[in-house]
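Q: Contents of start38.txt (compact mmCIF, C-alpha atoms):
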# COMPACT_ATOMS: atom_id res chain seq x y z
CA MET A 251 127.94 57.95 70.03
CA THR A 252 126.35 60.79 71.94
CA VAL A 253 122.56 61.12 71.89
CA LEU A 254 121.25 64.63 72.31
CA THR A 255 117.83 65.03 73.95
CA GLU A 256 115.85 68.19 73.63
CA GLN A 257 114.67 69.69 76.88
CA PRO A 258 111.06 70.95 76.82
CA VAL A 259 110.86 74.67 76.73
CA ARG A 260 108.68 76.02 79.54
CA ALA A 261 106.85 79.26 79.21
CA PRO A 262 107.94 81.85 81.69
CA ALA A 263 105.70 82.05 84.73
CA PRO A 264 103.57 85.21 84.85
CA PRO A 265 104.60 87.72 87.44
CA ALA A 266 102.87 87.56 90.81
CA GLY A 267 101.33 91.00 90.33
CA HIS A 268 99.64 89.92 87.10
CA ALA A 269 98.19 86.81 88.78
CA ARG A 270 96.77 88.92 91.61
CA ARG A 271 95.21 91.36 89.17
CA THR A 272 93.64 88.50 87.20
CA ALA A 273 92.19 86.93 90.37
CA ARG A 274 90.84 90.30 91.50
CA ARG A 275 89.25 90.91 88.09
CA ARG A 276 87.58 87.51 88.16
CA ARG A 277 86.19 88.17 91.63
CA LEU A 278 84.81 91.51 90.50
CA GLU A 279 83.24 89.90 87.43
CA ALA A 280 81.62 87.23 89.62
CA CYS A 281 80.30 89.88 92.01
CA GLY A 282 78.95 91.88 89.08
CA VAL A 283 77.09 88.87 87.69
CA LEU A 284 75.60 88.07 91.08
CA MET A 285 74.64 91.68 91.80
CA THR A 286 73.06 92.34 88.40
CA SER A 287 69.91 90.35 89.15
CA PHE A 288 69.54 92.00 92.57
CA LEU A 289 70.01 95.50 91.19
CA ALA A 290 67.56 94.83 88.36
CA LEU A 291 64.96 93.57 90.84
CA LEU A 292 65.61 96.54 93.15
CA LEU A 293 65.17 98.94 90.24
CA VAL A 294 61.93 97.39 88.97
CA VAL A 295 60.28 96.56 92.29
CA PHE A 296 61.39 99.48 94.50
CA LEU A 297 63.18 102.39 92.84
CA LEU A 298 60.87 102.88 89.87
CA PRO A 299 57.64 102.71 91.94
CA VAL A 300 59.09 105.09 94.53
CA GLY A 301 60.24 107.50 91.82
CA THR A 302 56.82 107.36 90.19
CA ALA A 303 55.09 108.04 93.53
CA VAL A 304 57.36 111.00 94.25
CA HIS A 305 56.71 112.43 90.77
CA LEU A 306 52.94 112.04 91.18
CA SER A 307 52.98 113.61 94.65
CA PHE A 308 54.55 116.84 93.38
CA SER A 309 52.30 117.26 90.34
CA SER A 310 48.66 117.67 89.44
CA ASP A 311 46.44 117.57 86.37
CA ASP A 312 45.33 120.91 84.99
CA GLN A 313 42.96 121.77 82.13
CA PRO A 314 43.37 125.35 80.90
CA GLY A 315 40.71 127.23 79.01
CA LEU A 316 37.81 126.77 81.45
CA GLY A 317 38.27 123.01 81.35
CA PHE A 318 38.03 122.67 77.55
CA GLY A 319 41.75 122.70 76.78
CA PRO A 320 44.10 119.72 76.67
CA GLU A 321 44.98 118.25 80.03
CA ARG A 322 48.51 118.88 81.22
CA THR A 323 50.58 118.02 84.27
CA VAL A 324 51.74 120.95 86.40
CA PHE A 325 54.05 121.18 89.39
CA VAL A 326 52.17 121.93 92.63
CA GLY A 327 54.96 121.57 95.18
CA LEU A 328 53.96 120.32 98.63
CA ARG A 329 50.22 120.79 98.18
CA SER A 330 49.44 117.07 98.25
CA TYR A 331 51.68 116.57 101.31
CA ALA A 332 49.95 119.42 103.13
CA ALA A 333 46.58 117.81 102.39
CA VAL A 334 47.79 114.45 103.72
CA LEU A 335 49.45 115.77 106.87
CA THR A 336 46.42 117.88 107.79
CA ALA A 337 43.86 115.16 107.10
CA PRO A 338 42.35 113.91 110.41
CA THR A 339 41.72 110.47 108.91
CA PHE A 340 45.37 109.99 107.91
CA LEU A 341 46.70 111.24 111.25
CA GLY A 342 44.17 109.03 113.03
CA GLY A 343 45.36 106.07 110.95
CA LEU A 344 48.96 106.78 111.97
CA GLY A 345 47.88 106.81 115.62
CA THR A 346 46.03 103.53 115.18
CA VAL A 347 49.06 101.88 113.59
CA ALA A 348 51.33 103.26 116.34
CA LEU A 349 49.09 101.73 119.01
CA TYR A 350 48.95 98.50 117.03
CA CYS A 351 52.77 98.37 116.91
CA LEU A 352 53.03 99.04 120.66
CA ILE A 353 50.82 96.02 121.34
CA TYR A 354 51.90 93.69 118.54
CA LEU A 355 55.68 94.16 118.43
CA PRO A 356 56.51 93.22 122.08
CA LEU A 357 54.08 90.29 122.03
CA MET A 358 55.50 88.95 118.78
CA VAL A 359 59.19 89.24 119.69
CA ALA A 360 58.77 88.03 123.29
CA GLY A 361 56.41 85.19 122.33
CA ALA A 362 58.58 83.91 119.48
CA LEU A 363 61.71 84.13 121.64
CA LEU A 364 60.03 82.29 124.52
CA LEU A 365 58.88 79.46 122.25
CA ALA A 366 62.35 79.18 120.69
CA LEU A 367 63.99 79.04 124.11
CA LEU A 368 61.58 76.30 125.20
CA LEU A 369 62.34 74.25 122.10
CA ASP A 370 66.09 74.75 122.52
CA SER A 371 66.01 73.81 126.20
CA GLY A 372 64.68 70.34 125.46
CA VAL A 373 61.61 70.78 127.67
CA VAL A 374 59.27 70.28 124.72
CA ARG A 375 59.00 66.69 123.59
CA LEU A 376 58.66 65.82 119.91
CA ARG A 377 60.52 68.96 118.93
CA ALA A 378 60.12 68.53 115.17
CA TRP A 379 56.35 68.13 115.45
CA ALA A 380 56.15 71.16 117.73
CA GLN A 381 58.04 73.27 115.18
CA LEU A 382 55.76 72.05 112.38
CA GLY A 383 52.60 72.78 114.36
CA LEU A 384 53.75 76.30 115.24
CA PHE A 385 54.93 77.06 111.70
CA LEU A 386 51.83 75.79 109.87
CA PRO A 387 49.70 78.93 110.49
CA HIS A 388 52.32 80.97 108.61
CA ALA A 389 51.77 78.76 105.57
CA VAL A 390 48.13 79.89 105.45
CA PRO A 391 47.76 82.99 103.20
CA GLY A 392 47.01 86.15 105.13
CA ILE A 393 43.62 86.74 103.53
CA ILE A 394 42.54 83.16 104.29
CA ALA A 395 43.68 83.51 107.91
CA ALA A 396 41.73 86.76 108.24
CA LEU A 397 38.61 85.07 106.81
CA ILE A 398 38.96 82.20 109.31
CA TRP A 399 39.18 84.60 112.23
CA LEU A 400 36.34 86.72 110.82
CA TYR A 401 34.18 83.60 111.02
CA LEU A 402 35.37 82.93 114.59
CA TYR A 403 34.70 86.55 115.63
CA THR A 404 31.19 86.90 114.16
CA PRO A 405 28.33 86.34 116.65
CA GLY A 406 25.68 83.87 115.58
CA ILE A 407 27.98 81.69 113.46
CA SER A 408 31.09 81.50 115.62
CA PRO A 409 31.47 78.40 117.83
CA VAL A 410 33.88 80.35 120.03
CA VAL A 411 31.37 83.13 120.73
CA ASP A 412 28.62 80.54 121.40
CA LEU A 413 30.86 78.61 123.80
CA LEU A 414 31.74 81.78 125.71
CA ALA A 415 28.06 82.76 125.84
CA ARG A 416 27.20 79.45 127.49
CA ALA A 417 29.70 80.35 130.22
CA ASP A 418 28.06 83.79 130.59
CA ILE A 419 31.08 85.48 129.01
CA THR A 420 30.28 88.12 126.41
CA ILE A 421 33.10 89.42 124.24
CA ASP A 422 32.40 91.65 121.27
CA PHE A 423 35.52 90.94 119.26
CA PRO A 424 34.83 93.58 116.54
CA GLY A 425 33.77 96.13 119.20
CA MET A 426 35.25 99.52 119.93
CA HIS A 427 37.73 98.43 122.62
CA THR A 428 38.47 94.94 121.30
CA VAL A 429 38.86 95.38 117.54
CA LEU A 430 42.56 96.26 117.72
CA PRO A 431 43.44 93.32 120.03
CA SER A 432 41.44 91.10 117.67
CA ILE A 433 43.60 92.24 114.76
CA VAL A 434 46.74 91.69 116.85
CA ASN A 435 45.57 88.15 117.59
CA ILE A 436 45.24 87.37 113.87
CA ALA A 437 48.74 88.68 113.14
CA LEU A 438 50.23 86.76 116.08
CA TRP A 439 48.58 83.52 114.99
CA SER A 440 49.93 83.93 111.46
CA ASN A 441 53.52 85.02 112.14
CA LEU A 442 54.54 83.74 115.57
CA GLY A 443 55.77 80.37 114.29
CA TYR A 444 57.83 81.91 111.48
CA ASN A 445 59.77 84.18 113.83
CA MET A 446 60.14 81.33 116.31
CA VAL A 447 61.94 79.31 113.63
CA ILE A 448 64.36 82.21 113.05
CA PHE A 449 65.16 82.44 116.76
CA TYR A 450 65.48 78.68 117.10
CA ALA A 451 67.95 78.50 114.21
CA ALA A 452 70.02 81.25 115.85
CA LEU A 453 69.95 79.42 119.19
CA ARG A 454 71.17 76.19 117.60
CA ALA A 455 74.21 78.11 116.35
CA VAL A 456 75.19 79.17 119.88
CA PRO A 457 78.32 77.22 120.96
CA ARG A 458 77.37 74.46 123.39
CA GLU A 459 80.57 75.15 125.36
CA VAL A 460 79.19 78.53 126.43
CA ILE A 461 75.99 76.97 127.72
CA GLU A 462 77.87 74.21 129.50
CA ALA A 463 80.12 76.80 131.14
CA SER A 464 77.09 78.71 132.44
CA VAL A 465 75.67 75.49 133.90
CA VAL A 466 79.00 74.74 135.58
CA ASP A 467 78.95 78.25 137.08
CA GLY A 468 75.63 77.43 138.70
CA ALA A 469 73.20 79.17 136.34
CA GLY A 470 69.75 77.61 136.21
CA PRO A 471 67.70 77.08 133.04
CA VAL A 472 65.89 80.42 133.27
CA ARG A 473 69.06 82.39 133.96
CA THR A 474 70.90 80.58 131.16
CA ALA A 475 68.11 81.36 128.72
CA LEU A 476 67.76 85.05 129.62
CA GLN A 477 71.33 86.03 130.44
CA VAL A 478 73.36 83.74 128.17
CA LYS A 479 71.34 82.58 125.16
CA ALA A 480 69.23 85.67 124.48
CA PRO A 481 72.15 88.17 124.42
CA LEU A 482 74.06 85.90 122.04
CA ILE A 483 71.28 86.11 119.44
CA ARG A 484 70.79 89.88 119.72
CA ALA A 485 71.32 90.33 115.97
CA SER A 486 68.45 87.95 115.18
CA ILE A 487 66.19 89.68 117.71
CA VAL A 488 66.90 93.08 116.14
CA MET A 489 66.30 91.74 112.64
CA VAL A 490 62.97 90.15 113.62
CA ALA A 491 61.89 93.33 115.44
CA MET A 492 62.71 95.49 112.42
CA VAL A 493 60.94 93.23 109.90
CA THR A 494 57.93 92.93 112.23
CA LEU A 495 57.76 96.71 112.56
CA ILE A 496 57.87 97.21 108.79
CA TRP A 497 55.07 94.71 108.26
CA ALA A 498 53.02 96.22 111.07
CA LEU A 499 53.19 99.69 109.51
CA ARG A 500 51.62 98.21 106.37
CA LEU A 501 48.51 97.05 108.23
CA PHE A 502 45.83 96.42 105.60
CA THR A 503 44.45 92.90 105.04
CA GLU A 504 43.06 92.16 108.50
CA PRO A 505 41.16 95.44 109.05
CA VAL A 506 39.79 95.41 105.49
CA LEU A 507 38.16 92.02 106.03
CA LEU A 508 37.06 92.76 109.60
CA SER A 509 35.42 95.97 108.36
CA GLN A 510 32.67 93.77 106.90
CA SER A 511 31.44 92.99 110.41
CA SER A 512 32.76 95.87 112.50
CA PRO A 513 31.48 99.46 112.26
CA MET A 514 34.59 100.52 114.18
CA ILE A 515 36.73 100.03 111.06
CA ASP A 516 36.14 102.60 108.36
CA SER A 517 37.70 102.86 104.92
CA ARG A 518 40.67 104.85 106.28
CA PHE A 519 41.37 102.88 109.44
CA SER A 520 45.13 102.64 108.70
CA PRO A 521 47.50 104.58 106.41
CA SER A 522 47.48 101.74 103.87
CA MET A 523 43.68 101.77 103.82
CA TYR A 524 43.79 105.57 103.41
CA ILE A 525 46.07 105.15 100.37
CA TYR A 526 43.82 102.47 98.87
CA ASP A 527 40.68 104.54 99.44
CA ALA A 528 42.19 107.69 97.96
CA ALA A 529 43.53 105.91 94.88
CA PHE A 530 40.84 103.39 93.96
CA ASN A 531 37.65 104.76 95.52
CA HIS A 532 38.20 108.47 94.85
CA ASN A 533 40.68 108.25 91.91
CA ASN A 534 42.99 110.73 93.66
CA TYR A 535 46.30 109.16 92.74
CA ARG A 536 48.30 112.29 93.61
CA LEU A 537 47.02 112.25 97.18
CA ALA A 538 47.59 108.51 97.45
CA ALA A 539 51.15 108.93 96.16
CA ALA A 540 51.89 111.63 98.74
CA ALA A 541 50.50 109.45 101.55
CA SER A 542 52.62 106.54 100.30
CA VAL A 543 55.78 108.66 100.41
CA VAL A 544 54.96 109.86 103.93
CA LEU A 545 54.46 106.26 105.08
CA LEU A 546 57.72 105.24 103.41
CA VAL A 547 59.62 108.05 105.15
CA CYS A 548 58.16 107.03 108.53
CA THR A 549 59.17 103.41 107.91
CA LEU A 550 62.72 104.34 106.89
CA ALA A 551 63.11 106.69 109.87
CA LEU A 552 61.96 104.07 112.37
CA SER A 553 64.15 101.38 110.80
CA TYR A 554 67.16 103.70 110.87
CA GLY A 555 66.47 104.60 114.49
CA ILE A 556 66.29 100.94 115.53
CA THR A 557 69.52 100.21 113.67
CA ARG A 558 71.40 103.09 115.30
CA ILE A 559 70.14 102.36 118.82
CA THR A 560 70.84 98.64 118.68
CA GLY A 561 74.18 99.22 116.96
CA ARG A 562 75.23 101.66 119.70
CA HIS A 563 74.27 99.20 122.45
CA THR A 564 76.11 96.37 120.67
CA GLY A 565 79.23 98.52 120.32
CA GLU A 566 79.16 99.46 124.01
CA GLU A 567 78.87 95.80 125.01
CA ALA A 568 81.74 94.88 122.71
CA ARG A 569 83.96 97.48 124.37
Could you show the structure in this file as structure tokens?
A:
Amino acid sequence: MTVLTEQPVRAPAPPAGHARRTARRRRLEACGVLMTSFLALLLVVFLLPVGTAVHLSFSSDDQPGLGFGPERTVFVGLRSYAAVLTAPTFLGGLGTVALYCLIYLPLMVAGALLLALLLDSGVVRLRAWAQLGLFLPHAVPGIIAALIWLYLYTPGISPVVDLLARADITIDFPGMHTVLPSIVNIALWSNLGYNMVIFYAALRAVPREVIEASVVDGAGPVRTALQVKAPLIRASIVMVAMVTLIWALRLFTEPVLLSQSSPMIDSRFSPSMYIYDAAFNHNNYRLAAAASVVLLVCTLALSYGITRITGRHTGEEAR
């Protein structure tokens, strides 16, 4: 007697092209889901405020009929921009911020890189505690840090000023020639540890074989740090320099608080203070919007210039 067994019927395998299209569609869907939140945040936090500022900067309020008619918004072209770019206080604020960047940016990048190289070299004992101690000032909010240093800068209540006076050393921290270095000191104290952590993380990713090869070739610790380690973390250095520059151009908190004890700092000491004063002290939102757009354009131009210059140097080294 012959027993017949039924063989299971298998569905035909989908063609390879269909499988590739399905995988590609799933990847695109995943990318779309991940990018939706970023694009929504970009739209709400950046694009809409910038669009509103641009619209305000090109318009003005007008009341026809000798001021008794209904208020309407009219297009005024570049009138607000002309007022901003010819204002001595705004141009003086740009010069102040430029000088601040020239002092602050090299000190920040070089100081953070030096500390990171010291930690990576193993010279510093208790490395974890050293990182924590250097990073802690960054955890202090900027306004609190400025208030602490305002107390330390003010004669009569500052223990630092009293200690220097006992040694016959007189330093007027909020004075004419020292107010900008005093602001730089506050920013360095607050942000040096944060950038050091970025550099240190990049240094830990450098292959140990490269460092060992440089030691075998006879390079000392200083030469290894400057000629081997530092070039290998060029991307991190450029990123830190760009972010530091952007934050420096927005100088606001430190001079606002120091203005309480320093006559050298007026209400339009920096471009950000100019914008705040125009908008909230004089209710001139059109002028403040135009100044904001000018500051944004300067920031974008400087960031683009840094990116192009560093990218060109990187490409030449790669060739």
Q: Restricting the calculation to all atoms listed in the file: of A:Ser307, A:Thr557, A:Ser517, A:Asn533, which residue gets closest to A:Val493?
A: A:Thr557
Q: I need the residue nearest A:Phe449 from this list: A:Pro431, A:Glu504, A:Met358, A:Ser509. Use only C-alpha atoms for the distance.
A: A:Met358
Q: Return the single residue from A:Pro481, A:Leu293, A:Ala395, A:Ile559 that is closest to A:Trp439, with distances computed using only C-alpha atoms.
A: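 Using only C-alpha atoms, the shortest distance to A:Trp439 belongs to A:Ala395.
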Q: If I take atom CA of A:Tyr450 and atom CA of A:Leu357, how far is one from the other in Å, to one decimal?
A: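 It comes out at 17.0 Å.
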Q: Rounded to one decimal in Å, what is the spacing between atom CA of A:Thr346 and atom CA of A:Thr404?
A: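 One can read the atom CA of A:Thr346 to atom CA of A:Thr404 distance as 22.3 Å.
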Q: Determine the nearest neighbour of A:Gly342 from the options A:Ile515, A:Ile393, A:Val283, A:Ala498, counting all atoms listed in the file.
A: A:Ile515
Q: Neighbouring residues of A:Leu335 were defined as those with any atom within 10 Å, considering all atoms listed in the file; residues of the same chain fewer than 5 positions away were excluded. Please report them as a list in words.
A: Ser330, Phe340, Leu341, Ala540, Ala541 and Val544 of chain A
Q: How far is it from atom CA of A:Pro405 to atom CA of A:Gly425, in Å with one decimal?
A: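 Pair atom CA of A:Pro405 / atom CA of A:Gly425 returns 11.5 Å.
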Q: With a distance cut-off of 10 Å and all atoms listed in the file, select the neighbouring residues of A:Ser512, excluding the residue or stretch itself and same-chain residues fewer than 5 positions from it, and output the selection as a list in words.
A: Leu400, Thr404, Asp422, Phe423, Pro424, Gly425, Met426, Val429, Pro505, Val506 and Leu507 of chain A
Q: List as a VMD selection string the residues having at least one atom at most 12 Å from position (74.1, 72.0, 126.6) as given in the file, counting only C-alpha atoms.
A: chain A and resid 370 to 372 453 to 466 470 to 471 474 to 475 478 to 479
Q: Find the residue from A:Ala360, A:Ala469, A:Val447, A:Cys281 that sits nearest to A:Leu386; use only C-alpha atoms when measuring.
A: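 Using only C-alpha atoms, A:Leu386 sits closest to A:Val447.
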Q: For A:Tyr526, which of A:Arg484, A:Arg500, A:Arg416, A:His305 is the closest residue, counting only C-alpha atoms?
A: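 Closest to A:Tyr526, using only C-alpha atoms: A:Arg500.
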Q: Skipping near chain neighbours, those fewer than 3 positions away, what residues fall within 10 Å of A:Gly392 using only C-alpha atoms, listed as an MDAnalysis selection string?
A: chainID A and resid 387:389 395:398 436:437 440:441 503:504
